[in-house]
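Structure file structure19.txt (compact mmCIF, C-alpha atoms) is printed below.
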```
# COMPACT_ATOMS: atom_id res chain seq x y z
CA MET A 50 118.97 106.79 101.19
CA THR A 51 122.16 105.21 99.77
CA ARG A 52 122.77 103.04 102.84
CA LEU A 53 119.22 101.73 102.67
CA TYR A 54 119.63 100.73 99.05
CA SER A 55 122.96 99.09 99.80
CA LEU A 56 121.06 96.89 102.26
CA ILE A 57 118.58 96.08 99.50
CA ALA A 58 121.56 95.04 97.38
CA VAL A 59 122.60 92.67 100.19
CA VAL A 60 119.13 91.13 99.99
CA PHE A 61 119.48 90.69 96.24
CA VAL A 62 122.86 89.02 96.52
CA ALA A 63 121.77 86.78 99.38
CA ALA A 64 118.59 85.78 97.57
CA THR A 65 120.64 84.17 94.84
CA LEU A 66 121.99 81.74 97.43
CA GLY A 67 118.56 80.22 98.05
CA ALA A 68 116.65 79.75 101.29
CA CYS A 69 115.34 76.94 103.42
CA SER A 70 112.29 78.64 104.90
CA HIS A 71 110.37 81.89 104.97
CA PRO A 72 107.31 83.40 106.70
CA ASP A 73 104.00 81.78 105.79
CA ARG A 74 101.14 83.60 104.07
CA LEU A 75 97.68 82.85 102.68
CA PRO A 76 97.34 82.28 98.92
CA ALA A 77 97.63 85.33 96.70
CA VAL A 78 94.56 86.54 94.86
CA PRO A 79 94.43 84.74 91.48
CA ARG A 80 95.28 86.89 88.48
CA SER A 81 91.73 86.69 87.10
CA GLU A 82 90.21 87.78 90.42
CA THR A 83 92.40 90.80 91.22
CA THR A 84 89.74 93.41 90.56
CA ARG A 85 87.05 91.41 92.37
CA ALA A 86 88.96 91.54 95.65
CA LEU A 87 87.25 94.20 97.79
CA PRO A 88 88.97 94.87 101.12
CA LEU A 89 86.28 94.96 103.83
CA GLY A 90 83.72 94.62 101.02
CA ILE A 91 83.89 98.36 100.25
CA PRO A 92 83.52 98.79 96.45
CA ASN A 93 85.21 102.21 96.25
CA ALA A 94 87.92 101.61 98.86
CA ARG A 95 90.60 101.51 96.20
CA PHE A 96 91.35 101.69 92.50
CA PHE A 97 94.05 100.20 90.30
CA ALA A 98 95.85 103.12 88.67
CA ASP A 99 96.56 101.15 85.47
CA GLU A 100 92.95 100.20 84.70
CA GLU A 101 90.24 102.04 82.79
CA PRO A 102 89.40 105.22 84.73
CA THR A 103 85.64 104.56 84.90
CA ALA A 104 85.57 103.86 88.64
CA ILE A 105 87.82 106.71 89.70
CA LEU A 106 85.97 109.15 87.45
CA ALA A 107 82.69 108.07 89.06
CA GLU A 108 84.24 108.69 92.48
CA ALA A 109 85.37 112.16 91.37
CA GLN A 110 81.84 112.91 90.14
CA ARG A 111 80.32 111.82 93.45
CA ALA A 112 82.85 114.00 95.29
CA SER A 113 81.79 117.02 93.22
CA GLU A 114 78.14 116.31 94.00
CA ARG A 115 78.93 116.16 97.73
CA GLU A 116 80.89 119.41 97.43
CA ILE A 117 77.97 121.17 95.72
CA ALA A 118 75.57 119.93 98.38
CA THR A 119 77.90 121.21 101.13
CA LEU A 120 78.27 124.64 99.54
CA ARG A 121 74.52 124.95 99.04
CA ALA A 122 73.95 124.02 102.67
CA GLU A 123 76.20 126.98 103.51
CA GLY A 124 73.88 129.23 101.51
CA LYS A 125 76.04 129.54 98.42
CA ALA A 126 74.42 129.53 94.99
CA VAL A 127 76.60 127.08 93.13
CA THR A 128 76.18 124.69 90.23
CA ALA A 129 78.58 122.38 88.44
CA ALA A 130 79.30 125.29 86.08
CA ASN A 131 80.35 127.92 88.64
CA LEU A 132 82.29 126.02 91.28
CA PRO A 133 85.25 127.81 92.91
CA PRO A 134 88.87 126.89 92.02
CA VAL A 135 90.19 123.60 93.35
CA TYR A 136 93.62 122.87 94.75
CA PHE A 137 95.46 119.57 94.44
CA LEU A 138 98.47 118.45 96.49
CA ALA A 139 100.75 115.52 95.65
CA VAL A 140 103.47 114.54 98.15
CA SER A 141 106.24 112.19 97.06
CA GLY A 142 108.32 109.55 98.77
CA GLY A 143 111.80 110.24 100.05
CA GLY A 144 112.31 108.56 103.44
CA ASP A 145 113.73 110.97 106.01
CA ASN A 146 113.65 113.72 103.37
CA GLY A 147 109.96 113.91 104.22
CA ALA A 148 111.10 116.46 106.81
CA PHE A 149 111.30 118.90 103.88
CA GLY A 150 107.63 118.40 103.00
CA ALA A 151 106.59 118.65 106.65
CA GLY A 152 108.48 121.92 107.07
CA LEU A 153 107.07 123.26 103.83
CA MET A 154 103.48 122.57 104.87
CA ASN A 155 103.95 124.31 108.22
CA GLY A 156 105.81 127.23 106.64
CA TRP A 157 102.95 127.56 104.18
CA THR A 158 100.56 127.94 107.09
CA ALA A 159 102.82 130.59 108.62
CA ALA A 160 102.82 132.47 105.29
CA GLY A 161 99.04 132.77 105.63
CA ASN A 162 98.12 131.66 102.12
CA ARG A 163 97.86 127.86 102.33
CA PRO A 164 94.69 126.71 100.54
CA GLU A 165 92.33 123.91 101.47
CA PHE A 166 92.94 121.01 99.11
CA LYS A 167 90.18 119.26 97.23
CA LEU A 168 92.56 116.35 96.56
CA VAL A 169 95.65 115.18 98.46
CA THR A 170 97.77 112.23 97.34
CA GLY A 171 100.77 110.64 99.01
CA VAL A 172 103.30 107.87 98.47
CA SER A 173 105.77 106.42 101.01
CA THR A 174 106.86 109.21 103.39
CA GLY A 175 104.41 111.37 101.43
CA ALA A 176 101.66 109.00 102.53
CA LEU A 177 102.57 109.72 106.15
CA ILE A 178 102.44 113.48 105.50
CA ALA A 179 99.25 113.39 103.41
CA PRO A 180 96.63 112.94 106.19
CA PHE A 181 98.09 115.85 108.17
CA ALA A 182 98.20 118.04 105.06
CA PHE A 183 94.66 117.00 104.13
CA LEU A 184 93.22 117.95 107.52
CA GLY A 185 94.89 121.36 107.54
CA PRO A 186 96.74 123.63 109.99
CA GLU A 187 95.05 122.06 113.02
CA TYR A 188 97.43 119.13 112.50
CA ASP A 189 100.60 121.17 111.91
CA ALA A 190 101.95 120.64 115.43
CA ALA A 191 101.58 116.85 115.13
CA LEU A 192 103.22 116.85 111.70
CA ARG A 193 106.15 118.85 113.03
CA GLU A 194 106.49 116.50 116.00
CA VAL A 195 106.62 113.42 113.77
CA TYR A 196 109.37 114.72 111.50
CA THR A 197 111.54 116.56 114.04
CA THR A 198 111.64 113.80 116.67
CA MET A 199 112.07 110.88 114.28
CA THR A 200 115.07 108.58 114.70
CA ALA A 201 116.04 105.26 113.12
CA ALA A 202 115.01 103.47 116.32
CA ARG A 203 111.50 104.92 116.01
CA VAL A 204 111.19 103.56 112.47
CA PHE A 205 112.69 100.07 112.45
CA LYS A 206 114.66 97.41 114.31
CA ALA A 207 117.46 95.91 112.24
CA ARG A 208 117.57 92.16 111.80
CA GLY A 209 120.67 90.07 111.19
CA LEU A 210 121.97 89.24 107.73
CA THR A 211 120.25 85.85 107.95
CA ALA A 212 116.98 87.76 107.48
CA ALA A 213 117.89 87.96 103.81
CA LEU A 214 117.40 84.20 103.62
CA PHE A 215 114.84 83.35 106.27
CA ASP A 216 112.59 86.38 106.75
CA ASP A 217 110.56 88.90 104.72
CA ALA A 218 112.79 91.97 105.21
CA MET A 219 116.07 93.17 106.67
CA ALA A 220 114.24 95.25 109.28
CA ASP A 221 111.19 95.00 111.53
CA THR A 222 109.00 98.12 111.24
CA SER A 223 106.90 97.53 114.34
CA PRO A 224 108.27 100.83 115.80
CA LEU A 225 106.88 102.68 112.77
CA ALA A 226 103.56 100.87 113.23
CA GLU A 227 103.42 102.22 116.79
CA ILE A 228 104.06 105.78 115.56
CA ILE A 229 101.36 105.41 112.90
CA ALA A 230 98.85 104.08 115.45
CA ARG A 231 99.60 106.99 117.78
CA TYR A 232 98.84 109.68 115.22
CA ALA A 233 96.41 107.90 112.88
CA ASP A 234 93.86 107.56 115.64
CA GLU A 235 90.07 107.53 115.77
CA LYS A 236 89.92 111.33 115.93
CA MET A 237 91.97 111.69 112.73
CA PHE A 238 89.93 108.99 110.99
CA ALA A 239 86.64 110.67 111.94
CA ALA A 240 87.96 114.01 110.64
CA ILE A 241 88.91 112.40 107.31
CA ALA A 242 85.40 110.90 107.06
CA ARG A 243 83.85 114.31 107.71
CA GLU A 244 85.92 115.97 104.96
CA TYR A 245 85.16 113.13 102.56
CA LYS A 246 81.43 113.69 103.07
CA GLU A 247 81.99 117.32 102.05
CA GLY A 248 83.56 116.31 98.74
CA ARG A 249 87.28 116.13 99.48
CA LEU A 250 89.52 113.17 98.61
CA LEU A 251 92.60 111.66 100.30
CA LEU A 252 94.39 109.07 98.16
CA ILE A 253 97.38 106.91 99.16
CA GLY A 254 99.50 104.83 96.78
CA THR A 255 100.85 101.33 97.43
CA THR A 256 102.11 98.54 95.18
CA ASP A 257 100.33 95.18 95.01
CA LEU A 258 103.48 93.08 94.67
CA ASP A 259 101.64 89.88 93.70
CA ALA A 260 99.83 91.56 90.82
CA GLN A 261 102.63 94.08 90.09
CA ARG A 262 100.02 96.82 89.96
CA PRO A 263 99.78 100.35 91.41
CA VAL A 264 96.97 100.72 93.93
CA ILE A 265 95.26 103.99 94.89
CA TRP A 266 93.52 103.79 98.27
CA ASN A 267 90.48 105.99 98.79
CA VAL A 268 91.01 106.73 102.49
CA GLY A 269 87.92 108.90 102.88
CA ALA A 270 85.69 106.09 101.67
CA LEU A 271 87.28 103.77 104.23
CA ALA A 272 86.78 106.33 106.99
CA ALA A 273 83.15 106.95 106.05
CA SER A 274 82.32 103.25 105.68
CA GLY A 275 81.54 102.67 109.34
CA LYS A 276 83.40 99.35 109.20
CA PRO A 277 85.01 98.55 112.58
CA GLU A 278 88.14 97.21 110.85
CA ALA A 279 88.61 100.27 108.61
CA LEU A 280 90.93 102.16 110.97
CA ASP A 281 93.28 99.18 111.20
CA LEU A 282 93.29 98.91 107.40
CA PHE A 283 94.12 102.63 107.14
CA ARG A 284 97.13 102.11 109.39
CA LYS A 285 98.23 99.12 107.32
CA ILE A 286 97.98 101.20 104.14
CA LEU A 287 100.23 103.91 105.61
CA ARG A 288 102.75 101.30 106.72
CA ALA A 289 102.61 99.52 103.38
CA SER A 290 103.14 102.71 101.39
CA ALA A 291 106.44 103.24 103.24
CA ALA A 292 107.57 99.58 103.08
CA ILE A 293 110.75 99.68 100.98
CA PRO A 294 110.86 96.19 99.42
CA GLY A 295 113.54 93.99 100.89
CA LEU A 296 114.41 96.46 103.64
CA PHE A 297 111.07 97.00 105.42
CA GLN A 298 108.42 94.34 105.99
CA PRO A 299 105.67 94.04 103.39
CA VAL A 300 102.13 94.43 104.67
CA MET A 301 99.66 91.61 104.16
CA ILE A 302 96.09 92.70 103.46
CA ASP A 303 93.31 90.13 103.88
CA VAL A 304 90.56 89.84 101.28
CA GLU A 305 87.80 87.33 100.65
CA ILE A 306 86.30 86.21 97.33
CA ASP A 307 83.31 83.82 97.18
CA GLY A 308 83.95 82.74 100.75
CA ARG A 309 87.62 81.93 100.19
CA LYS A 310 90.31 83.91 102.03
CA TYR A 311 93.40 85.36 100.33
CA GLN A 312 96.18 87.78 101.16
CA GLU A 313 97.65 90.55 99.05
CA MET A 314 101.25 91.61 99.61
CA HIS A 315 101.61 95.40 99.56
CA VAL A 316 104.83 97.41 99.57
CA ASP A 317 106.04 100.96 98.97
CA GLY A 318 104.01 102.72 96.30
CA GLY A 319 107.36 104.10 95.09
CA ALA A 320 108.15 100.68 93.62
CA ILE A 321 106.00 101.88 90.70
CA ALA A 322 105.60 105.65 91.15
CA GLN A 323 107.13 107.90 93.80
CA LEU A 324 104.35 110.44 93.40
CA PHE A 325 101.08 110.83 91.52
CA LEU A 326 98.54 113.55 90.95
CA TYR A 327 95.92 111.37 89.31
CA PRO A 328 96.18 108.54 86.75
CA ALA A 329 97.30 109.63 83.28
CA SER A 330 94.14 108.06 81.85
CA VAL A 331 92.04 110.65 83.71
CA GLU A 332 91.90 113.73 81.48
CA SER A 333 90.46 116.16 84.00
CA GLY A 334 90.05 118.96 81.46
CA ARG A 335 87.44 116.90 79.62
CA PHE A 336 84.92 116.72 82.45
CA THR A 337 85.42 120.02 84.29
CA LYS A 338 86.36 123.55 83.27
CA ARG A 339 86.81 124.92 86.78
CA LYS A 340 90.21 126.33 87.62
CA ARG A 341 92.57 123.69 88.96
CA VAL A 342 95.89 124.37 90.72
CA ALA A 343 98.33 121.55 91.49
CA TYR A 344 101.14 121.65 94.05
CA ILE A 345 103.76 118.92 93.80
CA ILE A 346 106.17 118.32 96.69
CA ARG A 347 109.19 116.22 95.73
CA ASN A 348 110.91 115.17 98.94
CA ALA A 349 114.29 114.88 97.27
CA ARG A 350 116.89 116.80 95.36
CA LEU A 351 116.54 116.90 91.59
CA ASP A 352 120.22 117.50 90.85
CA PRO A 353 122.66 114.54 90.70
CA ASP A 354 123.93 113.32 94.08
CA TRP A 355 127.63 112.85 93.29
CA ALA A 356 129.53 110.23 95.29
CA MET A 357 132.53 108.02 94.56
CA ALA A 358 131.35 104.42 94.30
CA GLU A 359 133.50 101.76 95.92
CA ARG A 360 134.57 98.92 93.66
CA ARG A 361 132.65 96.27 95.60
CA THR A 362 129.65 94.25 94.45
CA VAL A 363 127.24 95.35 97.19
CA ASN A 364 128.25 99.03 96.92
CA ILE A 365 127.92 99.02 93.14
CA ALA A 366 124.50 97.34 93.32
CA GLY A 367 123.34 99.77 96.01
CA ARG A 368 124.56 102.80 94.08
CA ALA A 369 122.85 101.52 90.92
CA ILE A 370 119.53 101.05 92.77
CA ASP A 371 119.88 104.55 94.22
CA THR A 372 120.49 105.92 90.71
CA MET A 373 117.49 104.10 89.23
CA LEU A 374 115.19 105.38 91.96
CA SER A 375 116.48 108.92 91.52
CA ALA A 376 115.80 108.73 87.79
CA SER A 377 112.35 107.26 88.46
CA GLY A 378 111.52 110.14 90.81
CA GLN A 379 112.56 112.70 88.22
CA ASN A 380 110.43 110.95 85.61
CA ASP A 381 107.44 111.12 88.00
CA VAL A 382 107.97 114.88 88.32
CA LEU A 383 108.01 115.22 84.53
CA ARG A 384 104.94 113.00 84.16
CA THR A 385 102.89 115.13 86.55
CA TYR A 386 104.02 118.25 84.70
CA PHE A 387 102.96 116.96 81.28
CA ILE A 388 99.63 115.66 82.63
CA SER A 389 98.97 119.07 84.18
CA ALA A 390 99.89 120.86 80.95
CA ARG A 391 97.63 118.56 78.92
CA ASP A 392 94.68 119.18 81.23
CA GLY A 393 95.16 122.92 81.76
CA VAL A 394 96.10 122.55 85.43
CA ASP A 395 98.27 125.29 86.97
CA TYR A 396 101.48 123.47 87.93
CA ASN A 397 103.68 124.30 90.94
CA LEU A 398 106.68 122.20 92.02
CA ALA A 399 108.77 122.27 95.21
CA TYR A 400 111.93 120.23 95.81
CA ILE A 401 115.12 120.29 97.87
CA GLY A 402 117.44 122.81 96.24
CA LYS A 403 121.18 122.83 95.70
CA ASP A 404 121.47 125.42 98.46
CA PHE A 405 120.62 122.86 101.16
CA GLU A 406 123.95 121.50 102.37
CA ALA A 407 123.39 120.12 105.89
CA PRO A 408 125.49 116.98 106.54
CA LYS A 409 123.83 113.64 107.08
CA LYS A 410 125.41 111.06 109.40
CA GLY A 411 122.97 108.23 108.75
CA GLU A 412 119.38 107.33 107.95
CA PHE A 413 116.82 109.26 110.00
CA ASP A 414 119.55 111.47 111.45
CA GLN A 415 117.56 113.81 113.69
CA ALA A 416 119.90 116.81 113.26
CA TYR A 417 119.69 116.45 109.47
CA MET A 418 115.90 116.13 109.53
CA ASN A 419 115.53 119.19 111.75
CA ALA A 420 117.74 121.23 109.42
CA LEU A 421 115.70 120.04 106.43
CA TYR A 422 112.42 120.82 108.20
CA ASP A 423 113.66 124.35 108.91
CA TYR A 424 114.79 124.73 105.29
CA GLY A 425 111.36 123.74 103.94
CA PHE A 426 109.64 125.99 106.48
CA ARG A 427 111.71 129.05 105.50
CA GLN A 428 111.27 128.44 101.79
CA ALA A 429 107.48 128.24 102.04
CA GLN A 430 107.15 131.08 104.53
CA ALA A 431 109.03 133.34 102.11
CA GLY A 432 107.06 132.08 99.08
CA ARG A 433 110.23 131.12 97.19
CA GLU A 434 109.74 127.41 96.72
CA TRP A 435 107.19 126.98 93.93
CA HIS A 436 108.64 126.43 90.46
CA LYS A 437 106.48 126.53 87.35
CA LEU A 438 108.69 124.08 85.43
CA PRO A 439 110.72 121.02 86.45
CA PRO A 440 114.52 121.41 86.22
CA GLY A 441 115.75 120.77 82.71
CA LEU A 442 112.63 122.18 81.08
CA ALA A 443 113.29 125.74 82.19
CA THR A 444 115.89 127.86 80.42
CA THR A 445 115.78 130.22 83.41
CA THR A 446 114.64 129.65 86.97
CA THR A 447 110.97 130.55 87.23
CA THR A 448 109.19 130.74 90.56
CA THR A 449 105.82 131.89 91.74
CA PRO A 450 104.61 132.85 95.20
CA VAL A 451 102.51 130.30 97.06
CA ARG A 452 98.83 130.97 96.43
```
Can you dump the structure from the file as structure tokens?
Amino acid sequence: MTRLYSLIAVVFVAATLGACSHPDRLPAVPRSETTRALPLGIPNARFFADEEPTAILAEAQRASEREIATLRAEGKAVTAANLPPVYFLAVSGGGDNGAFGAGLMNGWTAAGNRPEFKLVTGVSTGALIAPFAFLGPEYDAALREVYTTMTAARVFKARGLTAALFDDAMADTSPLAEIIARYADEKMFAAIAREYKEGRLLLIGTTDLDAQRPVIWNVGALAASGKPEALDLFRKILRASAAIPGLFQPVMIDVEIDGRKYQEMHVDGGAIAQLFLYPASVESGRFTKRKRVAYIIRNARLDPDWAMAERRTVNIAGRAIDTMLSASGQNDVLRTYFISARDGVDYNLAYIGKDFEAPKKGEFDQAYMNALYDYGFRQAQAGREWHKLPPGLATTTTTTPVR
């Protein structure tokens, strides 16, 4: 992603020069009204990850009640005290490295031991993977198609350098919007609604740039709402979660409070966290004793990416941004580990290993992405990819087969 972040550095440098005009927008939601803004009027459509966990805990409780009702309808004698184990999946950002996560999911299916997930979360490229992973092996072929046929031209159209002064991003992501609309269709949305009604949750992370707050979108609630505009909002959320600030266009989300219209500006959830399992304020071990197993897919390497930095302002700034984001991603991995340990959740981590050495000629290089997809597929198929500890915490390499 170094070239992408170098472009962001260009934006930063150009921004200091000032600008004469920029795209218009509606007023931002006032600070005091942030939590009152309900997209499409759906009260549980989203949660702010940094607020008190009351609302998200209530949603989790309702999901458990729906799950119990579903199991009883199948003739199973279950109560809140004897529910079967649950499986969580968190998929991180990583741009074109999402090919690793896509390959891993499909290799997991081929291994024959991929579970059904009670909870799936995604950020950035992980947000694009998450709906496919949530809906299961039936969507494996589509997931493979997305990540093995992707090219830069199918993601964005570059704008000129003047975009740094007069526009909202260095690139137009309308090609990505077309890809999202093709796969995130009415059939997928209806399937997500069906699974939500059976007690499963699909959560996508974005960043509300006006409020500087992490947002968790409850996609199942949107899908089950029956609102005609909900599918379009779902597509916007996916596009927003992958909108690298400065490089890709932000996504404007319309809301209304007391009859007055506002717009929220949403960008890549990775601006705050590149992956999440659930908010740290949610201590899952306090409200359920059922066995919980978490799988974390980090679509990146976790060892340093050595490269000689050129002694030029833009290159230095780009390399520094790249370094900060790498460190942030590693901190997210550690955070999910310590939350899991605190709550008694069985932790399993996958990431791109040092043994992957395919060359990369540019962003969204199809040959590179295909090699990475194959690498993830082989690792999962062989059951070698799941580590019990993040790098740096383990004195020896510890792995466990995929459950």
Atom CA of Ile302 of chain A to atom CA of Leu106 of chain A, distance in Å rounded to a single decimal: 25.1 Å
If we count all atoms listed in the file, what is near Ala159 of chain A at a cut-off of 9 Å, once residues fewer than 6 positions away on the same chain are taken out, given as a PDB file with C-alpha atoms, in the frame of the given file?
```
ATOM      1  CA  PHE A 426     109.640 125.990 106.480  1.00  0.00           C
ATOM      2  CA  ALA A 429     107.480 128.240 102.040  1.00  0.00           C
ATOM      3  CA  GLN A 430     107.150 131.080 104.530  1.00  0.00           C
TER       4      GLN A 430
END
```
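Counting only C-alpha atoms and comparing A:Val316, A:Ser377, A:Glu123, A:Leu421, the residue that lies closest to Pro299 of chain A is A:Val316.
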Within 9 Å of Ile286 of chain A using all atoms listed in the file, minus same-chain residues under 4 positions, as a ChimeraX atom specification: /A:176,253-255,266,281-282,290-291,300,302,315
Contact residues around segment 233-248 of chain A with all atoms listed in the file at 10 Å, ignoring same-chain residues under 5 positions, as a count of residues only: 38
Pick from A:Ser375, A:Thr198, A:Gln312, A:Gln428 nearest to Ala260 of chain A, counting all atoms listed in the file: A:Gln312
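When only C-alpha atoms are used to measure the gap to Ala289 of chain A, the shortest distance among A:Val331, A:Ile306, A:Ala129, A:Ala320 belongs to A:Ala320.
Pairwise distance (atom CA of Asp317 of chain A, atom CA of Pro294 of chain A) equals 6.8 Å.
With atom CA of Asp99 of chain A on one side and atom CA of Val264 of chain A on the other, the separation reads 8.5 Å.
The point (94.0, 123.1, 92.6) has these residues within 6 Å of it when all atoms listed in the file are used: Val135, Tyr136, Phe137, Arg341, Val342 and Ala343 of chain A.
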Residues within 8 Å of Ala202 of chain A, all atoms listed in the file, excluding chain neighbours under 3 positions, as JSON, numbers by chain: {"A": [205, 206, 224]}
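Nearest to Asp395 of chain A of all the residues A:Ile293, A:Ile345, A:Leu258, A:Ala151 is A:Ile345, counting all atoms listed in the file.
Proximity to Ala407 of chain A at 9 Å, evaluated using only C-alpha atoms and with sequence-adjacent residues fewer than 4 positions away removed, yields Ala416, Tyr417, Ala420 and Leu421 of chain A.
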Given all atoms listed in the file as the counted atoms, nearest of A:Gly143, A:Pro76, A:Pro353, A:Gly161 to Thr372 of chain A: A:Pro353
